[in-house]
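Data file: data_1.txt. Format and content: compact mmCIF, C-alpha atoms.
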# COMPACT_ATOMS: atom_id res chain seq x y z
CA MET A 898 0.00 0.00 0.00
CA SER A 899 1.71 3.16 -1.21
CA TYR A 900 0.90 5.48 1.67
CA VAL A 901 2.32 2.95 4.13
CA ASP A 902 5.51 1.99 2.30
CA GLY A 903 6.22 5.61 1.33
CA LYS A 904 6.29 4.99 -2.40
CA ALA A 905 5.00 7.96 -4.41
CA PRO A 906 2.02 7.32 -6.69
CA ALA A 907 2.84 6.64 -10.34
CA LYS A 908 -0.49 8.07 -11.48
CA ILE A 909 -2.84 10.63 -9.95
CA ALA A 910 -6.37 11.18 -11.25
CA VAL A 911 -8.08 14.56 -10.82
CA LEU A 912 -11.83 14.54 -11.45
CA GLY A 913 -13.09 18.01 -12.30
CA ALA A 914 -11.49 20.46 -14.73
CA GLY A 915 -12.86 23.65 -13.22
CA SER A 916 -10.62 26.34 -11.77
CA TRP A 917 -9.69 24.57 -8.53
CA GLY A 918 -9.45 21.08 -10.04
CA THR A 919 -7.17 22.35 -12.81
CA THR A 920 -5.12 24.41 -10.37
CA PHE A 921 -4.63 21.46 -8.06
CA ALA A 922 -3.59 19.34 -11.04
CA LYS A 923 -0.98 22.04 -11.72
CA ILE A 924 0.19 21.83 -8.10
CA LEU A 925 0.60 18.07 -8.48
CA GLY A 926 2.27 18.44 -11.87
CA ASP A 927 4.77 21.02 -10.64
CA ALA A 928 5.52 18.92 -7.56
CA ALA A 929 6.19 15.92 -9.82
CA ALA A 930 8.66 17.77 -12.09
CA GLY A 931 11.60 15.55 -12.93
CA THR A 932 9.71 12.33 -12.16
CA ASP A 933 7.69 9.88 -14.26
CA ARG A 934 4.48 10.58 -12.33
CA LYS A 935 1.39 11.07 -14.49
CA ILE A 936 -1.34 13.59 -13.65
CA VAL A 937 -4.54 12.84 -15.58
CA LEU A 938 -7.41 15.31 -15.45
CA TRP A 939 -11.02 14.37 -16.19
CA GLY A 940 -13.18 17.01 -17.82
CA ARG A 941 -16.79 16.85 -18.86
CA ARG A 942 -16.39 19.23 -21.80
CA GLN A 943 -14.38 17.84 -24.73
CA GLU A 944 -13.35 21.37 -25.71
CA VAL A 945 -11.65 21.86 -22.34
CA VAL A 946 -9.99 18.44 -22.59
CA ASP A 947 -8.63 19.24 -26.04
CA GLN A 948 -7.27 22.62 -24.93
CA ILE A 949 -5.45 21.01 -21.99
CA ASN A 950 -3.93 18.31 -24.20
CA ASN A 951 -3.06 20.48 -27.21
CA LEU A 952 -2.36 23.89 -25.70
CA HIS A 953 -1.44 22.96 -22.11
CA ARG A 954 -3.98 25.55 -20.98
CA ASN A 955 -7.54 25.72 -19.65
CA PRO A 956 -8.63 29.14 -21.00
CA ARG A 957 -12.20 28.80 -19.73
CA TYR A 958 -11.13 28.82 -16.09
CA LEU A 959 -7.46 29.81 -15.81
CA SER A 960 -7.04 32.33 -18.62
CA THR A 961 -3.49 32.14 -19.96
CA ILE A 962 -1.90 30.01 -17.20
CA GLU A 963 0.39 27.39 -18.74
CA LEU A 964 0.00 23.87 -17.36
CA PRO A 965 2.90 21.44 -16.83
CA ALA A 966 3.60 19.00 -19.64
CA ASN A 967 3.02 16.01 -17.33
CA ILE A 968 -0.72 16.83 -17.16
CA THR A 969 -3.01 15.18 -19.69
CA ALA A 970 -6.80 15.19 -19.87
CA SER A 971 -9.63 12.91 -20.95
CA SER A 972 -13.42 12.91 -20.98
CA ASP A 973 -13.42 9.15 -20.23
CA VAL A 974 -13.64 9.02 -16.45
CA LEU A 975 -12.94 5.29 -16.18
CA GLU A 976 -9.78 5.66 -18.26
CA VAL A 977 -8.68 8.51 -16.00
CA LEU A 978 -9.29 6.39 -12.90
CA LYS A 979 -7.52 3.27 -14.21
CA ASP A 980 -4.52 2.38 -12.02
CA ALA A 981 -4.59 5.76 -10.23
CA GLU A 982 -3.27 5.32 -6.69
CA LEU A 983 -4.45 8.80 -5.71
CA VAL A 984 -7.81 10.19 -6.82
CA VAL A 985 -8.67 13.87 -6.37
CA LEU A 986 -12.33 14.95 -6.41
CA ALA A 987 -13.14 18.53 -7.46
CA VAL A 988 -16.77 18.39 -8.59
CA PRO A 989 -19.79 20.40 -7.35
CA ALA A 990 -20.76 19.17 -3.89
CA GLN A 991 -24.41 18.54 -4.69
CA THR A 992 -23.52 16.25 -7.61
CA LEU A 993 -20.91 14.21 -5.75
CA ARG A 994 -23.01 11.27 -4.56
CA GLU A 995 -24.50 10.61 -7.98
CA GLN A 996 -21.10 10.76 -9.65
CA LEU A 997 -19.51 8.45 -7.08
CA ARG A 998 -22.16 5.80 -7.66
CA SER A 999 -20.95 5.47 -11.24
CA LEU A 1000 -17.35 5.13 -10.06
CA ALA A 1001 -17.79 2.55 -7.30
CA GLY A 1002 -15.86 -0.57 -8.18
CA HIS A 1003 -13.52 1.24 -10.57
CA LEU A 1004 -10.99 2.58 -8.06
CA ALA A 1005 -7.56 0.97 -7.94
CA LYS A 1006 -6.96 -1.33 -4.97
CA ASP A 1007 -5.99 0.72 -1.89
CA ALA A 1008 -6.38 4.04 -3.73
CA VAL A 1009 -6.55 7.12 -1.52
CA VAL A 1010 -9.21 9.74 -2.31
CA ILE A 1011 -8.76 13.50 -1.79
CA SER A 1012 -11.71 15.86 -1.45
CA LEU A 1013 -11.21 19.45 -2.59
CA MET A 1014 -14.92 20.24 -2.18
CA LYS A 1015 -16.33 22.66 0.37
CA GLY A 1016 -20.01 21.87 0.63
CA LEU A 1017 -22.63 20.10 2.73
CA GLU A 1018 -25.05 17.75 1.00
CA LEU A 1019 -28.65 18.89 0.93
CA GLY A 1020 -31.08 16.37 2.38
CA THR A 1021 -28.50 14.40 4.37
CA ASP A 1022 -26.45 17.29 5.81
CA GLN A 1023 -23.37 15.12 5.28
CA ARG A 1024 -19.86 16.42 4.75
CA MET A 1025 -18.11 15.42 1.54
CA SER A 1026 -15.79 12.96 3.28
CA GLN A 1027 -18.83 11.17 4.70
CA VAL A 1028 -20.40 10.92 1.24
CA ILE A 1029 -17.14 9.55 -0.19
CA GLU A 1030 -16.77 6.93 2.53
CA ALA A 1031 -20.38 5.81 2.16
CA GLU A 1032 -20.54 5.61 -1.64
CA LEU A 1033 -17.08 4.15 -2.25
CA GLY A 1034 -16.98 1.95 0.83
CA LEU A 1035 -13.71 3.49 2.03
CA SER A 1036 -12.33 3.55 5.56
CA PRO A 1037 -11.53 7.02 6.98
CA GLU A 1038 -7.76 6.54 6.64
CA ARG A 1039 -8.18 6.43 2.85
CA VAL A 1040 -10.07 9.73 2.63
CA VAL A 1041 -8.22 13.06 2.76
CA VAL A 1042 -9.54 16.62 2.81
CA ILE A 1043 -7.49 19.57 1.55
CA SER A 1044 -8.58 23.06 2.53
CA GLY A 1045 -7.36 26.51 3.43
CA PRO A 1046 -7.14 29.89 1.70
CA ASN A 1047 -7.24 28.34 -1.78
CA LEU A 1048 -8.18 31.05 -4.29
CA ALA A 1049 -7.41 29.13 -7.46
CA MET A 1050 -6.14 31.91 -9.70
CA GLU A 1051 -3.60 33.14 -7.15
CA ILE A 1052 -2.21 29.63 -6.71
CA ALA A 1053 -2.19 29.05 -10.46
CA ARG A 1054 -0.05 32.20 -10.72
CA GLN A 1055 2.27 30.53 -8.20
CA GLU A 1056 1.70 33.09 -5.47
CA PRO A 1057 2.84 31.57 -2.14
CA THR A 1058 0.03 29.76 -0.34
CA ALA A 1059 -0.30 27.50 2.68
CA SER A 1060 -3.00 24.88 3.12
CA VAL A 1061 -3.90 21.87 5.26
CA VAL A 1062 -4.07 18.17 4.45
CA ALA A 1063 -6.52 16.52 6.84
CA CYS A 1064 -6.91 12.80 7.48
CA SER A 1065 -7.65 10.65 10.50
CA ASP A 1066 -4.45 8.72 9.70
CA GLU A 1067 -1.24 10.71 10.10
CA ASN A 1068 0.73 8.55 7.65
CA THR A 1069 -1.82 9.05 4.89
CA ALA A 1070 -1.84 12.82 5.45
CA LYS A 1071 1.96 12.98 5.29
CA TRP A 1072 2.03 10.82 2.15
CA VAL A 1073 -0.42 13.12 0.39
CA ALA A 1074 1.46 16.22 1.55
CA THR A 1075 4.66 14.96 -0.07
CA VAL A 1076 3.05 14.80 -3.53
CA CYS A 1077 1.47 18.27 -3.45
CA LYS A 1078 4.41 20.41 -2.37
CA PRO A 1079 5.80 22.54 -5.19
CA LYS A 1080 7.83 25.59 -4.20
CA TYR A 1081 4.76 27.87 -4.01
CA PHE A 1082 2.31 25.61 -2.12
CA ARG A 1083 2.99 24.62 1.51
CA PRO A 1084 0.78 21.84 2.95
CA TYR A 1085 0.45 21.28 6.69
CA THR A 1086 -1.03 18.05 8.09
CA VAL A 1087 -3.84 17.78 10.66
CA ASP A 1088 -6.10 15.00 11.89
CA ASP A 1089 -9.22 17.13 12.42
CA VAL A 1090 -11.23 16.25 9.31
CA VAL A 1091 -14.48 17.51 10.85
CA GLY A 1092 -13.11 20.93 11.75
CA VAL A 1093 -11.39 21.38 8.39
CA GLU A 1094 -14.55 20.52 6.46
CA ILE A 1095 -16.87 22.64 8.60
CA GLY A 1096 -14.52 25.61 8.25
CA GLY A 1097 -14.54 25.22 4.48
CA ILE A 1098 -18.31 24.82 4.32
CA VAL A 1099 -19.53 27.65 6.55
CA LYS A 1100 -17.05 30.24 5.32
CA ASN A 1101 -18.87 30.20 1.98
CA VAL A 1102 -22.11 31.27 3.65
CA ILE A 1103 -20.35 33.96 5.68
CA ALA A 1104 -18.67 35.20 2.48
CA LEU A 1105 -22.11 35.62 0.91
CA CYS A 1106 -23.03 37.91 3.81
CA VAL A 1107 -19.82 39.92 3.49
CA GLY A 1108 -20.45 40.17 -0.24
CA ILE A 1109 -23.93 41.49 0.43
CA CYS A 1110 -22.35 44.12 2.68
CA GLU A 1111 -19.97 45.01 -0.16
CA GLY A 1112 -22.87 45.32 -2.59
CA LYS A 1113 -24.70 47.57 -0.13
CA LYS A 1114 -21.52 49.69 0.10
CA VAL A 1115 -21.25 49.51 3.87
CA GLY A 1116 -17.90 50.10 5.58
CA ASP A 1117 -15.08 47.91 6.76
CA ASN A 1118 -16.31 47.92 10.36
CA THR A 1119 -19.43 46.08 9.26
CA LYS A 1120 -17.54 43.55 7.16
CA ALA A 1121 -14.99 42.92 9.92
CA SER A 1122 -17.84 42.37 12.37
CA VAL A 1123 -19.50 39.83 10.08
CA ILE A 1124 -16.21 37.96 9.54
CA THR A 1125 -15.45 37.82 13.26
CA ARG A 1126 -18.93 36.76 14.35
CA GLY A 1127 -19.03 34.39 11.40
CA LEU A 1128 -15.92 32.68 12.72
CA ALA A 1129 -17.58 32.43 16.13
CA GLU A 1130 -20.61 30.59 14.79
CA THR A 1131 -18.46 28.40 12.55
CA THR A 1132 -16.42 27.42 15.61
CA ARG A 1133 -19.53 26.61 17.63
CA LEU A 1134 -20.76 24.24 14.95
CA ALA A 1135 -17.36 22.60 14.47
CA LEU A 1136 -16.96 21.97 18.20
CA ALA A 1137 -20.48 20.57 18.48
CA LEU A 1138 -19.62 18.04 15.75
CA GLY A 1139 -16.32 17.00 17.30
CA GLY A 1140 -13.93 19.44 15.63
CA LYS A 1141 -11.10 21.25 17.40
CA ALA A 1142 -10.91 24.92 18.35
CA GLU A 1143 -7.32 25.23 17.11
CA THR A 1144 -8.44 24.21 13.62
CA MET A 1145 -10.77 27.19 13.53
CA SER A 1146 -7.93 29.59 14.33
CA GLY A 1147 -5.74 28.03 11.63
CA LEU A 1148 -5.56 27.94 7.86
CA ALA A 1149 -8.75 25.94 7.34
CA GLY A 1150 -10.71 28.19 9.68
CA LEU A 1151 -9.63 31.82 9.97
CA GLY A 1152 -7.32 31.70 6.96
CA ASP A 1153 -9.92 30.36 4.54
CA LEU A 1154 -12.60 32.65 5.97
CA VAL A 1155 -10.55 35.82 5.53
CA ALA A 1156 -9.53 34.95 1.97
CA THR A 1157 -13.03 34.01 0.87
CA CYS A 1158 -14.69 37.01 2.50
CA SER A 1159 -12.15 39.55 1.28
CA SER A 1160 -11.27 38.64 -2.28
CA SER A 1161 -12.98 39.57 -5.53
CA LEU A 1162 -11.72 36.18 -6.78
CA SER A 1163 -14.09 34.45 -4.35
CA ARG A 1164 -17.21 33.11 -6.06
CA ASN A 1165 -19.27 33.37 -2.88
CA HIS A 1166 -18.14 36.93 -2.17
CA THR A 1167 -18.97 37.84 -5.77
CA ALA A 1168 -22.43 36.22 -5.58
CA GLY A 1169 -23.17 38.05 -2.33
CA ARG A 1170 -22.04 41.36 -3.79
CA MET A 1171 -24.44 40.97 -6.70
CA LEU A 1172 -27.28 40.18 -4.29
CA GLY A 1173 -26.38 43.30 -2.32
CA GLU A 1174 -26.48 45.35 -5.51
CA GLY A 1175 -30.09 44.30 -6.06
CA LEU A 1176 -29.86 41.32 -8.41
CA THR A 1177 -32.22 38.41 -7.84
CA LEU A 1178 -30.85 34.97 -7.01
CA ASP A 1179 -31.78 33.74 -10.50
CA GLU A 1180 -29.90 36.65 -12.06
CA VAL A 1181 -26.87 35.90 -9.90
CA ASN A 1182 -26.88 32.22 -10.84
CA ASN A 1183 -27.16 33.11 -14.52
CA ARG A 1184 -24.13 35.38 -14.32
CA MET A 1185 -21.93 32.93 -12.39
CA THR A 1186 -19.72 30.69 -14.54
CA GLN A 1187 -18.97 28.37 -11.60
CA THR A 1188 -20.84 27.14 -8.55
CA ALA A 1189 -20.98 29.37 -5.46
CA GLU A 1190 -21.23 26.57 -2.89
CA GLY A 1191 -22.62 28.84 -0.19
CA ILE A 1192 -25.81 29.25 -2.22
CA LYS A 1193 -26.19 25.48 -2.53
CA SER A 1194 -25.10 24.50 1.00
CA GLY A 1195 -26.60 27.30 3.11
CA ARG A 1196 -29.84 25.47 3.87
CA ALA A 1197 -27.95 22.27 4.79
CA VAL A 1198 -25.70 24.21 7.19
CA SER A 1199 -28.72 25.81 8.85
CA GLU A 1200 -30.44 22.44 9.23
CA LEU A 1201 -27.35 20.76 10.64
CA ALA A 1202 -26.88 23.55 13.18
CA ALA A 1203 -30.50 23.17 14.29
CA LYS A 1204 -30.04 19.41 14.72
CA VAL A 1205 -27.13 19.87 17.11
CA GLY A 1206 -28.58 22.92 18.88
CA VAL A 1207 -26.07 25.51 17.64
CA ASP A 1208 -27.13 29.14 17.16
CA MET A 1209 -25.99 30.49 13.77
CA PRO A 1210 -27.71 33.84 13.22
CA ILE A 1211 -25.63 35.00 10.24
CA THR A 1212 -26.08 31.71 8.43
CA ASN A 1213 -29.81 31.68 9.12
CA ALA A 1214 -30.19 35.27 7.91
CA VAL A 1215 -28.30 34.54 4.68
CA VAL A 1216 -30.48 31.48 4.07
CA GLY A 1217 -33.51 33.71 4.62
CA VAL A 1218 -32.27 36.04 1.87
CA LEU A 1219 -31.50 33.15 -0.49
CA GLU A 1220 -34.97 31.69 0.02
CA GLY A 1221 -36.75 35.03 -0.41
CA LYS A 1222 -37.89 35.26 3.21
CA LEU A 1223 -35.72 38.32 3.89
CA THR A 1224 -34.55 41.19 1.71
CA VAL A 1225 -30.94 42.33 1.77
CA ASP A 1226 -32.14 45.56 3.38
CA GLU A 1227 -33.59 43.60 6.31
CA LEU A 1228 -30.44 41.56 6.91
CA GLY A 1229 -28.42 44.08 8.95
CA PRO A 1230 -31.21 45.37 11.19
CA LEU A 1231 -32.28 41.80 11.96
CA LEU A 1232 -28.79 40.80 13.14
CA LEU A 1233 -28.31 43.99 15.15
CA ALA A 1234 -31.66 43.57 16.89
CA ARG A 1235 -30.65 40.28 18.53
CA GLN A 1236 -30.64 40.03 22.31
CA LEU A 1237 -27.52 41.36 24.06
CA LYS A 1238 -25.05 38.76 25.35
CA SER A 1239 -21.40 38.16 26.11
CA GLU A 1240 -19.11 37.97 23.08
CA GLY A 1241 -17.88 34.57 24.21
CA ASP A 1242 -21.36 33.03 24.14
Have the structure of the file written as structure tokens, please.
Amino acid sequence: MSYVDGKAPAKIAVLGAGSWGTTFAKILGDAAAGTDRKIVLWGRRQEVVDQINNLHRNPRYLSTIELPANITASSDVLEVLKDAELVVLAVPAQTLREQLRSLAGHLAKDAVVISLMKGLELGTDQRMSQVIEAELGLSPERVVVISGPNLAMEIARQEPTASVVACSDENTAKWVATVCKPKYFRPYTVDDVVGVEIGGIVKNVIALCVGICEGKKVGDNTKASVITRGLAETTRLALALGGKAETMSGLAGLGDLVATCSSSLSRNHTAGRMLGEGLTLDEVNNRMTQTAEGIKSGRAVSELAAKVGVDMPITNAVVGVLEGKLTVDELGPLLLARQLKSEGD
């Protein structure tokens, strides 16, 4: 088994040729420079596949970024998976379960699966690692989550970035970290899968709220307040589910939250800004070229928090806006009208 004996994988499959999937393939390709390791990217659109193979670019998502020569692409998912010892999943969260059902039985023996997705499944309120384990029949030590401040375009431009590799098994996490460490991407290992996933999920919803503030042209005090209180409610949920407080103050918690809430490159921040400017949710969705996971996962986060008795006022207010129960003008006054309490509560 490769992650036990320390042998690097000869082939890595990346499923999903969007901005983050392609960027992570680039990370893997750059880290494998000078080796025989193959990085094979699955894309749904043949045009994207052809551009990656012929031009070494993915213009639809990464503009003019040149991809390493050791990356190839295919629209045949089973061919991409064949003999891959490491499989990276970068597909929309709400489509994951259905896609995995078509892949079950086609993974290489002892393959390790990485989740790059930051969403919570509607209907089940399950994290992506839970969906992967259930549909592929994998034990937790074969499922890894990578998260942190991961704005794809910045990483594709090789701007220095740190991230976390989370797995219940320390050896698996270290093995994965060794294959995704080019000079511009620094992975740290943790064992708190729950905390890392919850941080990555809830920050999208908080970023929608900060984006709404941006669209309403309110000041930095307001946005800083939303980010800080957003971290507080994210931490409450993570702890209630078994996560660790230190994870929330690290890269997968505070780091990811700040990047997603502050950057114009963030899809969720952008979607929130358009809502704040007066666009309807349908208009926002029509203008977005990629999924803003906070829109899809907000309801699931709210439901999960209710199940475990965690108060998440910002999340609930954002869900109210998304579902047409609140207007963006009512969002701020509603949050400010809440009962006074200690900041630590």
Item to complete: Between CA of Leu1128 (chain A) and CA of Thr1186 (chain A), measure the distance and give it in Å to one decimal.
Response: 27.6 Å
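Proximity of A:Gly1191, A:Gly1241, A:Gly1127, A:Gly1169 to Met1209 (chain A), computed with only C-alpha atoms, is greatest for A:Gly1127.
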Discussion item. With all atoms listed in the file as the counted atoms, please give the residues lying no more than 7 Å from Glu1056 (chain A), apart from itself and same-chain residues fewer than 3 positions off, as an NGL selection string.
Written reply: :A and (1051-1052 or 1081)
Could you write out the selected residues, including C-alpha atoms, as a PDB file, keeping the file's coordinate frame?
ATOM      1  CA  GLU A1051      -3.600  33.140  -7.150  1.00  0.00           C
ATOM      2  CA  ILE A1052      -2.210  29.630  -6.710  1.00  0.00           C
ATOM      3  CA  TYR A1081       4.760  27.870  -4.010  1.00  0.00           C
TER       4      TYR A1081
END
Item to complete: Excluding Glu1094 (chain A) and any residue of its chain fewer than 5 positions from it, enumerate the residues within 10 Å of it, using only C-alpha atoms, and give them as a PyMOL selection string.
Response: chain A and resi 1012-1017+1024-1026+1042-1045+1063+1089+1099+1135+1140+1149-1150
Worksheet entry | Computed interatomic separation between CA of Asn950 (chain A) and CA of Asp980 (chain A) (Å) | 20.1 Å
Response to the item:
One residue among A:Asp1179, A:Asp1153, A:Asp1226, A:Glu1030 is nearest to Leu1048 (chain A) when using all atoms listed in the file, and that residue is A:Asp1153
Fill in: Interatomic distance, CA of Thr1125 (chain A) to CA of Pro1230 (chain A) (Å, one decimal)
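CA of Thr1125 (chain A) sits 17.6 Å away from CA of Pro1230 (chain A).
Minimum distance to Pro1084 (chain A) across A:Ala928, A:Ile968, A:Leu1201, A:Leu1162 (counting only C-alpha atoms) occurs at A:Ala928.
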With all atoms listed in the file counted and 12 Å as the cut-off, give the residues of region 1123-1207 of chain A in contact with region 992-997 of chain A, each with its shortest interatomic distance in Å and the pair that gives it, as CSV.
residue,atom,partner,partner_atom,distance
A:Thr1188,CA,A:Thr992,CA,11.3
A:Glu1190,CA,A:Thr992,CA,11.6
A:Lys1193,CA,A:Thr992,CA,10.9
Worksheet, complete the sentence: Counting only C-alpha atoms, closest pick from A:Ser1065, A:Ser1146, A:Ser972, A:Thr1021 relative to Pro1037 (chain A) is A:Ser1065
Axis-aligned box for all listed atoms of region 1190-1201 of chain A, 8 Å per side, centre and edges in Å to one decimal, as lines of an AutoDock Vina configuration file:
center_x = -25.8
center_y = 25.0
center_z = 3.9
size_x = 25.2
size_y = 24.5
size_z = 29.5
Worksheet item: Between A:Ile1095, A:Val1102, A:Val1062, A:Val1040, which is the closest to Gln1023 (chain A) once you count all atoms listed in the file?
Response: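 Of A:Ile1095, A:Val1102, A:Val1062, A:Val1040, the one nearest Gln1023 (chain A), counting all atoms listed in the file, is A:Ile1095.
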Discussion item. Applying 8 Å and all atoms listed in the file, which residues near region 903-908 of chain A remain after dropping the ones on its own chain fewer than 4 positions away? List them as an NGL selection string.
Written reply: :A and (899 or 933-937 or 980-983 or 1072 or 1076)
Store the residues picked out above, limited to C-alpha atoms, as an mmCIF file, keeping the file's coordinate frame.
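Everything below was put into again_5.cif:
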data_model
loop_
_atom_site.group_PDB
_atom_site.id
_atom_site.type_symbol
_atom_site.label_atom_id
_atom_site.label_comp_id
_atom_site.auth_asym_id
_atom_site.auth_seq_id
_atom_site.Cartn_x
_atom_site.Cartn_y
_atom_site.Cartn_z
ATOM 1 C CA SER A 899 1.710 3.160 -1.210
ATOM 2 C CA ASP A 933 7.690 9.880 -14.260
ATOM 3 C CA ARG A 934 4.480 10.580 -12.330
ATOM 4 C CA LYS A 935 1.390 11.070 -14.490
ATOM 5 C CA ILE A 936 -1.340 13.590 -13.650
ATOM 6 C CA VAL A 937 -4.540 12.840 -15.580
ATOM 7 C CA ASP A 980 -4.520 2.380 -12.020
ATOM 8 C CA ALA A 981 -4.590 5.760 -10.230
ATOM 9 C CA GLU A 982 -3.270 5.320 -6.690
ATOM 10 C CA LEU A 983 -4.450 8.800 -5.710
ATOM 11 C CA TRP A 1072 2.030 10.820 2.150
ATOM 12 C CA VAL A 1076 3.050 14.800 -3.530
#
Would you save region 1184-1203 of chain A to a file, keeping N, CA and C atoms, as a PDB file, in the first residue's frame?
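And here's result.pdb as it stands now:
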ATOM      1  N   ARG A1184     -25.373  34.664 -14.030  1.00  0.00           N
ATOM      2  CA  ARG A1184     -24.129  35.382 -14.317  1.00  0.00           C
ATOM      3  C   ARG A1184     -22.889  34.618 -13.862  1.00  0.00           C
ATOM      4  N   MET A1185     -23.062  33.670 -12.928  1.00  0.00           N
ATOM      5  CA  MET A1185     -21.927  32.926 -12.391  1.00  0.00           C
ATOM      6  C   MET A1185     -21.510  31.831 -13.359  1.00  0.00           C
ATOM      7  N   THR A1186     -20.219  31.744 -13.656  1.00  0.00           N
ATOM      8  CA  THR A1186     -19.723  30.687 -14.536  1.00  0.00           C
ATOM      9  C   THR A1186     -19.382  29.416 -13.770  1.00  0.00           C
ATOM     10  N   GLN A1187     -19.255  29.533 -12.442  1.00  0.00           N
ATOM     11  CA  GLN A1187     -18.971  28.371 -11.601  1.00  0.00           C
ATOM     12  C   GLN A1187     -19.868  28.415 -10.367  1.00  0.00           C
ATOM     13  N   THR A1188     -19.950  27.273  -9.696  1.00  0.00           N
ATOM     14  CA  THR A1188     -20.836  27.137  -8.548  1.00  0.00           C
ATOM     15  C   THR A1188     -20.343  27.942  -7.353  1.00  0.00           C
ATOM     16  N   ALA A1189     -21.246  28.733  -6.753  1.00  0.00           N
ATOM     17  CA  ALA A1189     -20.983  29.367  -5.461  1.00  0.00           C
ATOM     18  C   ALA A1189     -21.582  28.445  -4.403  1.00  0.00           C
ATOM     19  N   GLU A1190     -20.731  27.638  -3.763  1.00  0.00           N
ATOM     20  CA  GLU A1190     -21.226  26.566  -2.895  1.00  0.00           C
ATOM     21  C   GLU A1190     -22.068  27.076  -1.722  1.00  0.00           C
ATOM     22  N   GLY A1191     -21.829  28.312  -1.294  1.00  0.00           N
ATOM     23  CA  GLY A1191     -22.620  28.844  -0.187  1.00  0.00           C
ATOM     24  C   GLY A1191     -24.101  28.917  -0.517  1.00  0.00           C
ATOM     25  N   ILE A1192     -24.413  29.204  -1.776  1.00  0.00           N
ATOM     26  CA  ILE A1192     -25.810  29.251  -2.215  1.00  0.00           C
ATOM     27  C   ILE A1192     -26.433  27.870  -2.119  1.00  0.00           C
ATOM     28  N   LYS A1193     -25.679  26.853  -2.520  1.00  0.00           N
ATOM     29  CA  LYS A1193     -26.194  25.483  -2.534  1.00  0.00           C
ATOM     30  C   LYS A1193     -26.248  24.879  -1.130  1.00  0.00           C
ATOM     31  N   SER A1194     -25.242  25.191  -0.295  1.00  0.00           N
ATOM     32  CA  SER A1194     -25.101  24.504   0.997  1.00  0.00           C
ATOM     33  C   SER A1194     -25.707  25.247   2.176  1.00  0.00           C
ATOM     34  N   GLY A1195     -26.116  26.495   1.981  1.00  0.00           N
ATOM     35  CA  GLY A1195     -26.599  27.298   3.111  1.00  0.00           C
ATOM     36  C   GLY A1195     -27.707  26.641   3.890  1.00  0.00           C
ATOM     37  N   ARG A1196     -28.718  26.128   3.207  1.00  0.00           N
ATOM     38  CA  ARG A1196     -29.841  25.474   3.869  1.00  0.00           C
ATOM     39  C   ARG A1196     -29.368  24.260   4.666  1.00  0.00           C
ATOM     40  N   ALA A1197     -28.457  23.458   4.099  1.00  0.00           N
ATOM     41  CA  ALA A1197     -27.953  22.271   4.793  1.00  0.00           C
ATOM     42  C   ALA A1197     -27.200  22.656   6.065  1.00  0.00           C
ATOM     43  N   VAL A1198     -26.415  23.738   6.001  1.00  0.00           N
ATOM     44  CA  VAL A1198     -25.698  24.207   7.191  1.00  0.00           C
ATOM     45  C   VAL A1198     -26.682  24.624   8.272  1.00  0.00           C
ATOM     46  N   SER A1199     -27.717  25.361   7.895  1.00  0.00           N
ATOM     47  CA  SER A1199     -28.719  25.812   8.850  1.00  0.00           C
ATOM     48  C   SER A1199     -29.432  24.628   9.505  1.00  0.00           C
ATOM     49  N   GLU A1200     -29.759  23.629   8.697  1.00  0.00           N
ATOM     50  CA  GLU A1200     -30.442  22.443   9.227  1.00  0.00           C
ATOM     51  C   GLU A1200     -29.543  21.643  10.163  1.00  0.00           C
ATOM     52  N   LEU A1201     -28.287  21.498   9.787  1.00  0.00           N
ATOM     53  CA  LEU A1201     -27.350  20.758  10.641  1.00  0.00           C
ATOM     54  C   LEU A1201     -27.159  21.463  11.972  1.00  0.00           C
ATOM     55  N   ALA A1202     -27.037  22.788  11.943  1.00  0.00           N
ATOM     56  CA  ALA A1202     -26.880  23.550  13.179  1.00  0.00           C
ATOM     57  C   ALA A1202     -28.094  23.362  14.089  1.00  0.00           C
ATOM     58  N   ALA A1203     -29.278  23.371  13.494  1.00  0.00           N
ATOM     59  CA  ALA A1203     -30.499  23.174  14.288  1.00  0.00           C
ATOM     60  C   ALA A1203     -30.525  21.786  14.929  1.00  0.00           C
TER      61      ALA A1203
END
